[in-house]
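> Have a look at this one.
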Amino acid sequence: MDNIINFDKDLKNVDDKFYKKAGIRGKRALELAAMGLPIAPGFIIDSELTNQLPRTNVKQLIKTAVTQIEKDIDKEFGNPKKPLLLKVVLSSDLNVPFFPSIHNVGLNSKTVAGFANFTGKEFAYGEEIFLLHSMATKIYKLKEEDIKKIEAAKSRQQNLESMSKTIENYKKLLGDKYSEDVYDQLSLILKGAADTYCDSELDVDNSLSIMVQAMVYGNFGQNSYSGNYYTRDIVTGAPKISGKYLQNAFDIDKTRPKDISTINKKYFDNFSEIGKKIEDHYREIREIKFTIEEGKFWIVEQFEVDEKSTQSHIKTLLDLNIRKKIPEKYLIQHIDPNQLNELLHPVIDPRTIKNVKKIQGGISGSTGAAIGRVYFSTPKLLEEHKRAIMRGDDTNMILVMPATYAEDVKAIELSKGVISTEGGFSSHAPVVARSLGKVAMVQPDMKIRGNSFTLSGKTIKEGDYISINVPYYEAPTIYLGQVGLIEPNFKENGLLDFIDIVHKFIGDFDVRANADQPRDATVAKQFHARGIGLCRTEHMFFNEKRIMTFRQMILAEDETERNKALSALKPMQRSDFYELFKIMQGLPVTIRLLDAPLHEFLPRTQQSMDELIKFLRTKKKNVSAQEIKSRCDELSEMNPMLGHRGCRVAITHPEIYEMQCRAIFEAACMLKKEGIKVHPEIMIPIVMSEQELKFIKNGKKIEGKTVKGIRDIKDEVIKEYGIKEIDYRIGTMIELPAAALRAGSIAQYAEFFSFGTNDLTQTSYGLSRDDSNSFFPSYSLYDLVKDNPFKVLGDEVKELIETAQLRGKLTRPNIKTGLCGEHGADPENIGFCINAGLNYVSCSAYSIPLAKLAIAKHNVAEEEE
């Protein structure tokens with residue numbers, strides 16, 4: 001009959017129409033059979049006939065199908081000596097786990113004795129009770145109180161007599177819904193299942209089908225086994241099967257199993273061969289449930305593995321590609337960019353968290369996992385870190401502060417992670433953490449009091465261990481104690497091999513790195529970054545060996561004093577640029593001249609202030625503490641993010657940008673003499689009009705004063721070094737709405753635009769990235785905003801970018817444009833950037849793989865349209 005199909009390892013040529021009516025479980029069985037694998041045999045009643053079963057002579061329909069199973073498995077349905085037992089599996093096209101399965105169909109007062117000869121009477125009687133109980137509860141849904149009476153009557157000490165009594169009680173309860181005739185028994189179950197579940201709330205799409213399959217048992221003697229295994233290691237992706245088994249046992253979950261690697265080599269090799277075939281067919285790791293009954297191997301079921309790690313998934317796809325089972329495009333299409341976070345950062349080992357208390361919630365800042373002792377200030381963490389090194393103690397530490405500033409960067413660098421209570425995704429701590437490859441989260445509910453914090457009624461003191469997990473797919477978690485970590489290894493976890501493939505699908509639009517230090521540039525180069533799109537020079541002064549000299553420069557009361565400090569800083573800057581240029585040989589390196597408000601570099605703690613006073617007294621012996629404090633107070637601003645920063649510093653103190661530009665050109669000349677190509681791009685920040693950029697680029701002469709332009713500085717340096725010319729560009733960061741609207745005029749002097757979307761978002765919406773989290777949850781609650789604009793570009797910001805892009809191109813058709821900041825790493829923004837005509841995005845080194853994959857996915861999708 002066309003509505004019923006038998007399956008076994010010899011199955012051939014199944015009509016595609018039948019597949020569509022076989023349900024998910026039925027399809028999986030048919031696929032295994034069609035592959036010639038030893039699936040436990042059975043038959044499938046398609047969804048069309050399943051709907052008609054209550055009105056059909058089922059017994060007559062199924063006899064031929066059951067006879068075929070008997071031939072395949074060498075048992076007879078209803079035979080009292082060695083009975084064939086069946087299971088009835090309900091399945092629809094939806095992956096709904098609530099449809100029941102009925103096991104041990106065919107057990108009755110005669111066959112149970114024959115079955116018991118192989119398994120023991122207690123097991124056999126227990127299985128018959130399980131069958132009857134399932135019929136009463138799952139198929140016929142008999143009165144609950146009647147079932148409870150039977151269960152209550154069971155003896156606490158189960159014996160054969162009490163089990164026999166339970167069997168009789170269930171048979172009486174079922175009445176004519178049960179039959180000792182095995183074919184009638186099966187028919188009643190099939191009719192009852194169809195009557196109960198067809199067109200039910202579960203069968204939402206009317207696709208319910210029924211699979212009847214032979215049952216096989218791993219407790220038929222010493223040559224019988226049961227177990228399950230994965231086609232490869234689901235954590236590491238190593239191409240060796242992993243799993244567990246039991247000998248002469250039926251239920252692997254109720255007994256302590258053995259590792260699959262210890263089973264007889266003959267079976268292990270067979271499992272491995274079958275696993276490879278199944279992996280090749282499904283193009284992913286699968287779990288296989290098996291039974292060996294009296295030496296004969298049967299696949300009972302196989303299914304997808306939701307708990308597999310990203311590493312194991314990628315390594316599987318890479319192996320499949322090497323074996324020519326999937327094309328490279330398939331890899332691109334089947335990995336989500338955010339999944340790559342698991343390969344870039346440490347992750348929590350799930351085997352170590354069972355008994356550790358945890359608190360979930362907060363905002364993800366920089367993904368990954370970290371373990372360490374808690375410290376609540378930069379000086380304390382630095383002190384304890386130094387002490388731990390001297391003593392040979394654990395140096396893993398986590399910085400916990402309300403918010404971080406420039407002077408806290410060293411502590412973030414030395415820590416494993418940072419938790420702040422203020423701000424959000426784009427605030428200082430997460431931004432710095434992402435650039436350093438550290439873990440960061442924001443937990444607004446945390447209360448810091450002195451040397452402890454309280455969260456959800458739990459208090460953690462300074463020096464206590466915590467572990468933090470900041471995944472990409474859910475809220476962060478703080479574990480109150482130490483857990484295990486799985487550290488990333490780019491060479492072993494498949495990431496670099498995967499990125500090599502991704503890189504093949506990158507066209508003209510590419511990814512640059514936000515890199516301020518050589519280590520950032522080195523990591524970025526590993527990930528095929530096409531240059532540096534943002535070098536934040538202010539980050540170069542956070543180093544403890546430089547910060548004092550930089551503060552001396554900020555606090556200088558006149559140009560002469562300031563130039564002394566700048567002369568000391570220039571060799572440091574030149575060395576920085578030299579290293580970055582050398583690592584990025586021949587690729588563009590975009591250097592943003594000093595941008596942060598100057599007061600951000602000044603001390604915020606008494607200890608830092610004392611250290612600064614001590615340093616300055618070595619330079620100017622008669623300076624008083626009060627004078628220094630007063631000078632610091634003079635420099636503070638009411639609204640520093642819109643105050644004295646960026647190009648405004650260059651206009652008030654041109655010597656600062658002059659020092660930086662001279663350091664850039666000197667480093668470029670040094671490398672050019674070594675035969676190394678360099679392409680510096682000098683970016684001027686916070687420009688609001690073309691006049692500012694013109695002033696900084698070309699310089700200006702007024703009565704009694706001459707300000708050198710960048711071109712003048714370049715000419716002086718190449719003359720000093722005897723270099724003919726340097727290939728360089730001058731451009732600006734478009735981060736103010738005024739600049740976006742005046743982009744056409746600004747492009748007269750800018751050879752490139754870099755859209756600084758963090759500040760462009762702040763200034764477009766009047767939102768502070770550090771403070772918006774205090775009210776944003778309410779906006780989300782009432783659906784007043786669709787997405788966090790600091791993660792997903794808002795429509796208004798997109799319009800400003802498109803406007804600036806268009807106007808800039810009209811003035812300078814060959815102008816290069818990019819987007820820098822973590823917006824560039826978010827896959828949701830990549831398509832917009834490409835369609836808007838930008839040339840690149842720039843993001844932190846550890847976000848490059850995500851952005852690269854998002855670009856590749858966009859390009860593959862475009863090709864296939």
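By convention in this document, the chains of the structure tokens carry letters A, B, ... by their order, each chain's residues are numbered from 1, and ligands are numbered from 1 in the order they are shown.
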List every residue of stretch 607-742 of chain A that DSSP, applied to the backbone of this structure, places in strand (DSSP E or B), and write the result as a list in words.

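Going through stretch 607-742 of chain A, the strand (DSSP E or B) residues come out as His679, Pro680, Glu681, Ile682, Met683, Ile684, Gly699, Lys700, Lys701, Ile702, Lys705, Thr706, Val707, Lys708, Arg729, Ile730, Gly731, Thr732, Met733 and Ile734 of chain A.
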
> Mind dumping the selected residues with N, CA, C and O atoms as an mmCIF file, in the first residue's frame?


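Ended up saving to result-v3.cif:
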```
data_model
loop_
_atom_site.group_PDB
_atom_site.id
_atom_site.type_symbol
_atom_site.label_atom_id
_atom_site.label_comp_id
_atom_site.auth_asym_id
_atom_site.auth_seq_id
_atom_site.Cartn_x
_atom_site.Cartn_y
_atom_site.Cartn_z
ATOM 1 N N HIS A 679 51.934 53.377 4.791
ATOM 2 C CA HIS A 679 50.846 54.226 4.286
ATOM 3 C C HIS A 679 50.105 54.863 5.463
ATOM 4 O O HIS A 679 49.013 54.430 5.827
ATOM 5 N N PRO A 680 50.706 55.901 6.073
ATOM 6 C CA PRO A 680 50.009 56.533 7.199
ATOM 7 C C PRO A 680 48.810 57.359 6.729
ATOM 8 O O PRO A 680 48.851 57.998 5.673
ATOM 9 N N GLU A 681 47.752 57.297 7.522
ATOM 10 C CA GLU A 681 46.577 58.138 7.295
ATOM 11 C C GLU A 681 46.341 58.907 8.593
ATOM 12 O O GLU A 681 46.106 58.301 9.640
ATOM 13 N N ILE A 682 46.427 60.215 8.521
ATOM 14 C CA ILE A 682 46.317 61.052 9.719
ATOM 15 C C ILE A 682 44.882 61.567 9.820
ATOM 16 O O ILE A 682 44.378 62.235 8.912
ATOM 17 N N MET A 683 44.245 61.211 10.945
ATOM 18 C CA MET A 683 42.821 61.545 11.099
ATOM 19 C C MET A 683 42.639 62.619 12.170
ATOM 20 O O MET A 683 43.151 62.492 13.291
ATOM 21 N N ILE A 684 41.897 63.644 11.810
ATOM 22 C CA ILE A 684 41.620 64.762 12.714
ATOM 23 C C ILE A 684 40.216 64.571 13.301
ATOM 24 O O ILE A 684 39.231 64.525 12.560
ATOM 25 N N GLY A 699 48.008 74.900 8.054
ATOM 26 C CA GLY A 699 48.646 75.861 8.944
ATOM 27 C C GLY A 699 48.118 77.271 8.714
ATOM 28 O O GLY A 699 47.249 77.512 7.863
ATOM 29 N N LYS A 700 48.683 78.214 9.483
ATOM 30 C CA LYS A 700 48.197 79.592 9.331
ATOM 31 C C LYS A 700 49.239 80.564 9.868
ATOM 32 O O LYS A 700 49.918 80.287 10.864
ATOM 33 N N LYS A 701 49.324 81.659 9.181
ATOM 34 C CA LYS A 701 50.212 82.731 9.628
ATOM 35 C C LYS A 701 49.366 83.939 9.966
ATOM 36 O O LYS A 701 48.534 84.379 9.168
ATOM 37 N N ILE A 702 49.557 84.421 11.185
ATOM 38 C CA ILE A 702 48.917 85.671 11.579
ATOM 39 C C ILE A 702 50.015 86.552 12.182
ATOM 40 O O ILE A 702 51.124 86.083 12.436
ATOM 41 N N LYS A 705 52.570 85.286 14.820
ATOM 42 C CA LYS A 705 52.476 83.850 15.123
ATOM 43 C C LYS A 705 52.305 83.045 13.848
ATOM 44 O O LYS A 705 51.549 83.422 12.951
ATOM 45 N N THR A 706 53.027 81.918 13.794
ATOM 46 C CA THR A 706 52.909 80.986 12.676
ATOM 47 C C THR A 706 52.565 79.606 13.222
ATOM 48 O O THR A 706 53.251 79.105 14.118
ATOM 49 N N VAL A 707 51.502 79.029 12.711
ATOM 50 C CA VAL A 707 51.117 77.657 13.083
ATOM 51 C C VAL A 707 51.436 76.762 11.900
ATOM 52 O O VAL A 707 50.955 76.990 10.778
ATOM 53 N N LYS A 708 52.287 75.774 12.127
ATOM 54 C CA LYS A 708 52.640 74.845 11.052
ATOM 55 C C LYS A 708 51.473 73.914 10.754
ATOM 56 O O LYS A 708 50.829 73.394 11.665
ATOM 57 N N ARG A 729 47.881 60.247 3.770
ATOM 58 C CA ARG A 729 46.597 60.928 3.546
ATOM 59 C C ARG A 729 46.216 61.676 4.815
ATOM 60 O O ARG A 729 46.585 61.284 5.927
ATOM 61 N N ILE A 730 45.450 62.711 4.627
ATOM 62 C CA ILE A 730 44.864 63.441 5.755
ATOM 63 C C ILE A 730 43.350 63.341 5.614
ATOM 64 O O ILE A 730 42.795 63.554 4.532
ATOM 65 N N GLY A 731 42.700 63.007 6.699
ATOM 66 C CA GLY A 731 41.248 62.880 6.667
ATOM 67 C C GLY A 731 40.657 63.268 8.001
ATOM 68 O O GLY A 731 41.336 63.817 8.880
ATOM 69 N N THR A 732 39.396 62.986 8.154
ATOM 70 C CA THR A 732 38.727 63.388 9.391
ATOM 71 C C THR A 732 37.719 62.341 9.829
ATOM 72 O O THR A 732 37.266 61.516 9.029
ATOM 73 N N MET A 733 37.392 62.416 11.089
ATOM 74 C CA MET A 733 36.343 61.562 11.633
ATOM 75 C C MET A 733 35.039 62.352 11.609
ATOM 76 O O MET A 733 34.967 63.453 12.153
ATOM 77 N N ILE A 734 34.041 61.777 10.960
ATOM 78 C CA ILE A 734 32.718 62.402 10.930
ATOM 79 C C ILE A 734 31.940 61.860 12.115
ATOM 80 O O ILE A 734 31.456 60.729 12.103
#
```

> Excluding A:Leu414 and any residue of its chain fewer than 5 positions from it, enumerate the residues within 8 Å of it, using only C-alpha atoms, and give them as a PDB file with C-alpha atoms, in the first residue's frame.


```
ATOM      1  CA  LEU A 382      48.166  46.707  40.841  1.00  0.00           C
ATOM      2  CA  HIS A 385      49.197  41.776  41.288  1.00  0.00           C
ATOM      3  CA  MET A 397      42.159  39.212  39.198  1.00  0.00           C
TER       4      MET A 397
END
```

> I'd like a table as CSV: residues in stretch 358-462 of chain A with an atom no more than 9 Å from stretch 475-497 of chain A, each row giving the shortest atom pair and its distance in Å to one decimal, only C-alpha atoms counted, sorted by chain and rising residue number.


```
residue,atom,partner,partner_atom,distance
A:Lys358,CA,A:Tyr479,CA,4.3
A:Ile359,CA,A:Ile478,CA,5.2
A:Gln360,CA,A:Thr477,CA,4.2
A:Gly361,CA,A:Ala475,CA,5.2
A:Gly362,CA,A:Pro476,CA,6.0
A:Ile363,CA,A:Ala475,CA,6.5
A:Ser364,CA,A:Pro476,CA,6.1
A:Thr367,CA,A:Pro476,CA,8.9
A:Ala369,CA,A:Leu485,CA,7.3
A:Ala370,CA,A:Leu485,CA,7.6
A:Ile371,CA,A:Gln482,CA,6.4
A:Gly372,CA,A:Gln482,CA,7.7
A:Met441,CA,A:Pro476,CA,7.1
A:Val442,CA,A:Pro476,CA,8.8
A:Gln443,CA,A:Pro476,CA,8.8
A:Lys458,CA,A:Leu480,CA,8.8
A:Ile460,CA,A:Leu480,CA,7.9
```

> Please produce an output containing C-alpha atoms for each residue in the selection, written as a CSV table (one decimal), in the first residue's frame.


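Saved to out.csv:
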```csv
chain,number,residue,atom,x,y,z
A,358,LYS,CA,25.4,32.1,40.3
A,359,ILE,CA,23.7,35.4,39.6
A,360,GLN,CA,22.5,36.1,36.1
A,361,GLY,CA,21.8,39.6,34.6
A,362,GLY,CA,23.5,42.7,33.5
A,363,ILE,CA,24.8,44.0,30.2
A,364,SER,CA,27.4,42.3,28.0
A,367,THR,CA,32.4,38.6,25.5
A,369,ALA,CA,34.8,34.2,30.6
A,370,ALA,CA,37.2,35.0,33.4
A,371,ILE,CA,38.1,33.9,36.9
A,372,GLY,CA,39.9,35.9,39.6
A,441,MET,CA,30.2,43.4,31.8
A,442,VAL,CA,28.0,46.1,33.4
A,443,GLN,CA,25.9,45.1,36.4
A,458,LYS,CA,25.0,38.0,48.3
A,460,ILE,CA,31.6,39.4,48.0
```

> Identify, on the basis of only C-alpha atoms, every residue whose closest approach to stretch 264-281 of chain A does not exceed 7 Å; exclude the query and any residue fewer than 5 positions from it along the same chain; express the result as a list in words.

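Non-adjacent residues within range: Thr231, Ile241, Arg286, Leu320 and Lys325 of chain A.
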
> Could those residues be written to a file, using C-alpha atoms, as a PDB file, in the first residue's frame?


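What follows is the written file selection_25.pdb:
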```
ATOM      1  CA  THR A 231      30.236  11.202  15.742  1.00  0.00           C
ATOM      2  CA  ILE A 241      33.754   9.170  18.415  1.00  0.00           C
ATOM      3  CA  ARG A 286      25.142  13.695  15.277  1.00  0.00           C
ATOM      4  CA  LEU A 320      33.688  17.905   5.690  1.00  0.00           C
ATOM      5  CA  LYS A 325      31.338  16.742   1.249  1.00  0.00           C
TER       6      LYS A 325
END
```

> Residues within 12 Å of A:Lys386, please, as a PyMOL selection string. Count only C-alpha atoms; anything in the same chain fewer than 5 positions from it doesn't count.

chain A and resi 379-381+391-397+411+414-415

> Write the residues of the preceding selection, restricted to N, CA, C and O atoms, as a compact mmCIF listing (two decimals), in the first residue's frame.


```
# COMPACT_ATOMS: atom_id res chain seq x y z
N PRO A 379 44.77 51.09 42.12
CA PRO A 379 45.97 50.93 42.96
C PRO A 379 46.01 49.61 43.71
O PRO A 379 47.06 48.96 43.80
N LYS A 380 44.87 49.19 44.24
CA LYS A 380 44.84 47.94 45.02
C LYS A 380 45.09 46.74 44.12
O LYS A 380 45.86 45.83 44.48
N LEU A 381 44.51 46.72 42.94
CA LEU A 381 44.72 45.59 42.03
C LEU A 381 46.18 45.53 41.60
O LEU A 381 46.78 44.44 41.56
N ARG A 391 55.33 36.44 45.21
CA ARG A 391 55.10 35.25 46.03
C ARG A 391 54.85 33.99 45.21
O ARG A 391 54.77 32.89 45.77
N GLY A 392 54.68 34.16 43.90
CA GLY A 392 54.33 33.02 43.07
C GLY A 392 52.89 32.60 43.23
O GLY A 392 52.51 31.45 42.99
N ASP A 393 52.03 33.56 43.65
CA ASP A 393 50.60 33.26 43.85
C ASP A 393 49.81 33.45 42.56
O ASP A 393 50.35 33.90 41.54
N ASP A 394 48.53 33.16 42.64
CA ASP A 394 47.63 33.31 41.50
C ASP A 394 47.50 34.79 41.14
O ASP A 394 47.17 35.62 41.98
N THR A 395 47.76 35.13 39.89
CA THR A 395 47.66 36.53 39.43
C THR A 395 46.34 36.83 38.73
O THR A 395 46.17 37.90 38.15
N ASN A 396 45.40 35.90 38.74
CA ASN A 396 44.10 36.13 38.11
C ASN A 396 43.26 37.06 38.99
O ASN A 396 42.94 36.72 40.14
N MET A 397 42.90 38.20 38.43
CA MET A 397 42.16 39.21 39.20
C MET A 397 41.08 39.84 38.34
O MET A 397 41.19 39.88 37.12
N ALA A 411 45.10 48.67 35.03
CA ALA A 411 44.46 47.62 35.83
C ALA A 411 43.62 46.70 34.97
O ALA A 411 43.59 45.47 35.17
N LEU A 414 45.97 44.29 33.19
CA LEU A 414 46.52 43.22 34.03
C LEU A 414 45.44 42.26 34.54
O LEU A 414 45.75 41.13 34.90
N SER A 415 44.20 42.72 34.58
CA SER A 415 43.11 41.88 35.09
C SER A 415 42.66 40.88 34.02
O SER A 415 43.02 40.99 32.86
```

> Choose the residue, out of A:Ser764, A:Ser754, A:Thr50, A:Gln222, that has the smallest atom-to-atom separation from A:Ala738; count only C-alpha atoms.

A:Ser764

> List as a list in words the protein and nucleic acid residues near A:Thr459, meaning an atom at most 10 Å away when only C-alpha atoms are counted, but skip any in the same chain fewer than 4 places from it.

Met446, Lys447, Ile448, Ser452, Phe453, Thr454, Leu455, Asp464 and Leu480 of chain A

> I need the residues from that last selection saved to file as a PDB file, in the first residue's frame (with N, CA, C and O atoms), if you can.


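Wrote selection_2.pdb, looks like this:
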```
ATOM      1  N   MET A 446      24.423  45.956  41.026  1.00  0.00           N
ATOM      2  CA  MET A 446      25.485  45.713  42.012  1.00  0.00           C
ATOM      3  C   MET A 446      25.709  46.965  42.857  1.00  0.00           C
ATOM      4  O   MET A 446      25.791  48.070  42.344  1.00  0.00           O
ATOM      5  N   LYS A 447      25.823  46.778  44.163  1.00  0.00           N
ATOM      6  CA  LYS A 447      26.095  47.888  45.079  1.00  0.00           C
ATOM      7  C   LYS A 447      27.500  47.714  45.664  1.00  0.00           C
ATOM      8  O   LYS A 447      27.769  46.731  46.359  1.00  0.00           O
ATOM      9  N   ILE A 448      28.364  48.663  45.373  1.00  0.00           N
ATOM     10  CA  ILE A 448      29.738  48.621  45.888  1.00  0.00           C
ATOM     11  C   ILE A 448      29.812  49.502  47.121  1.00  0.00           C
ATOM     12  O   ILE A 448      29.485  50.686  47.086  1.00  0.00           O
ATOM     13  N   SER A 452      33.715  45.741  49.375  1.00  0.00           N
ATOM     14  CA  SER A 452      32.827  44.604  49.075  1.00  0.00           C
ATOM     15  C   SER A 452      31.741  45.060  48.118  1.00  0.00           C
ATOM     16  O   SER A 452      31.495  46.255  47.948  1.00  0.00           O
ATOM     17  N   PHE A 453      31.103  44.091  47.475  1.00  0.00           N
ATOM     18  CA  PHE A 453      29.908  44.413  46.687  1.00  0.00           C
ATOM     19  C   PHE A 453      28.786  43.460  47.081  1.00  0.00           C
ATOM     20  O   PHE A 453      29.026  42.332  47.545  1.00  0.00           O
ATOM     21  N   THR A 454      27.571  43.944  46.928  1.00  0.00           N
ATOM     22  CA  THR A 454      26.382  43.149  47.221  1.00  0.00           C
ATOM     23  C   THR A 454      25.538  43.056  45.966  1.00  0.00           C
ATOM     24  O   THR A 454      25.312  44.060  45.285  1.00  0.00           O
ATOM     25  N   LEU A 455      25.093  41.837  45.675  1.00  0.00           N
ATOM     26  CA  LEU A 455      24.259  41.600  44.498  1.00  0.00           C
ATOM     27  C   LEU A 455      23.312  40.457  44.806  1.00  0.00           C
ATOM     28  O   LEU A 455      23.752  39.385  45.252  1.00  0.00           O
ATOM     29  N   ASP A 464      38.036  37.895  47.431  1.00  0.00           N
ATOM     30  CA  ASP A 464      37.248  36.680  47.166  1.00  0.00           C
ATOM     31  C   ASP A 464      37.286  36.362  45.672  1.00  0.00           C
ATOM     32  O   ASP A 464      37.400  37.257  44.829  1.00  0.00           O
ATOM     33  N   LEU A 480      29.713  32.754  42.035  1.00  0.00           N
ATOM     34  CA  LEU A 480      30.309  33.127  43.310  1.00  0.00           C
ATOM     35  C   LEU A 480      31.328  32.080  43.731  1.00  0.00           C
ATOM     36  O   LEU A 480      31.097  31.262  44.628  1.00  0.00           O
TER      37      LEU A 480
END
```

> Distance atom CA of A:Ala124-atom CA of A:Lys191, one decimal place?

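Atom CA of A:Lys191 lies at a distance of 25.4 Å from atom CA of A:Ala124.
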
> Mind checking which residues fall within 12 Å of stretch 175-177 of chain A, counting only C-alpha atoms, ignoring those fewer than 2 positions away in the same chain, and posting them as a list in words?

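After dropping sequence-adjacent residues, the list is Leu132, Met135, Ala136, Ile139, Tyr140, Lys141, Leu142, Glu168, Asn169, Tyr170, Lys171, Lys172, Leu173, Ser179, Glu180, Asp181, Asp184, Gln185, Leu186, Ser187, Leu188, Ile189, Leu190, Lys191, Gly192 and Ala193 of chain A.
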
> Okay, now the selection with C-alpha atoms, as a CSV table (one decimal), in the first residue's frame?


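Output contents, as saved in out_15.csv:
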```csv
chain,number,residue,atom,x,y,z
A,132,LEU,CA,0.0,-0.9,30.0
A,135,MET,CA,-1.7,2.9,27.1
A,136,ALA,CA,-3.8,4.1,29.9
A,139,ILE,CA,-3.2,6.7,24.4
A,140,TYR,CA,-6.6,6.5,26.1
A,141,LYS,CA,-6.1,9.1,28.8
A,142,LEU,CA,-8.1,7.2,31.4
A,168,GLU,CA,-3.9,-7.6,36.1
A,169,ASN,CA,-5.2,-4.3,37.5
A,170,TYR,CA,-4.2,-2.4,34.4
A,171,LYS,CA,-5.7,-5.0,32.1
A,172,LYS,CA,-9.0,-4.7,34.0
A,173,LEU,CA,-8.9,-0.9,33.8
A,179,SER,CA,-6.1,-7.4,23.8
A,180,GLU,CA,-4.0,-10.5,24.4
A,181,ASP,CA,-3.9,-11.0,20.7
A,184,ASP,CA,-5.3,-6.6,18.0
A,185,GLN,CA,-3.2,-5.0,20.7
A,186,LEU,CA,-1.2,-3.2,18.1
A,187,SER,CA,-4.3,-2.2,16.1
A,188,LEU,CA,-6.0,-0.8,19.2
A,189,ILE,CA,-2.9,1.3,20.0
A,190,LEU,CA,-2.6,2.7,16.5
A,191,LYS,CA,-6.3,3.5,16.3
A,192,GLY,CA,-6.3,5.0,19.8
A,193,ALA,CA,-3.2,7.1,19.1
```

> Set the distance at 12 Å and use only C-alpha atoms: which residues neighbour A:Val418 once local chain neighbours fewer than 2 positions away are removed? I'd like the list as a ChimeraX atom specification.

/A:364-378,381,396-404,408-416,420-421,428-434,436-443,466-470,478

> As an MDAnalysis selection string, please: every residue in stretch 511-726 of chain A that a backbone DSSP assignment puts in helix (DSSP H, G or I).

chainID A and resid 518:526 537:541 547:555 559:583 598:601 606:619 625:635 640:642 647:652 654:673 690:698 710:721

> For A:Pro777, which residue out of A:Gly756, A:Gly295, A:Gly424, A:Pro239 is the nearest one, using only C-alpha atoms?

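Checking each candidate against A:Pro777, we get A:Gly424 as the closest.
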
> Could you tell me how far atom CA of A:Glu600 lies from atom CA of A:Tyr765, in Å and to one decimal?

23.5 Å

> Counting only C-alpha atoms, what are the residues of stretch 635-684 of chain A within 12 Å of stretch 538-553 of chain A, and for each of them which pair of atoms is the nearest and at what distance in Å, to one decimal? Sort the table by chain and rising number, as CSV.


```
residue,atom,partner,partner_atom,distance
A:Leu635,CA,A:Arg551,CA,11.6
A:Arg645,CA,A:Glu538,CA,11.0
A:Gly646,CA,A:Glu538,CA,10.4
A:His653,CA,A:Met553,CA,10.7
A:Glu655,CA,A:Met553,CA,10.7
A:Ile656,CA,A:Met553,CA,9.0
A:Tyr657,CA,A:Glu538,CA,11.7
A:Met659,CA,A:Met553,CA,11.8
A:Gln660,CA,A:Glu538,CA,10.7
```

> Report, in Å to a single decimal, how far apart atom CA of A:Val841 and atom CA of A:Phe755 are.

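Separation between atom CA of A:Phe755 and atom CA of A:Val841: 9.2 Å.
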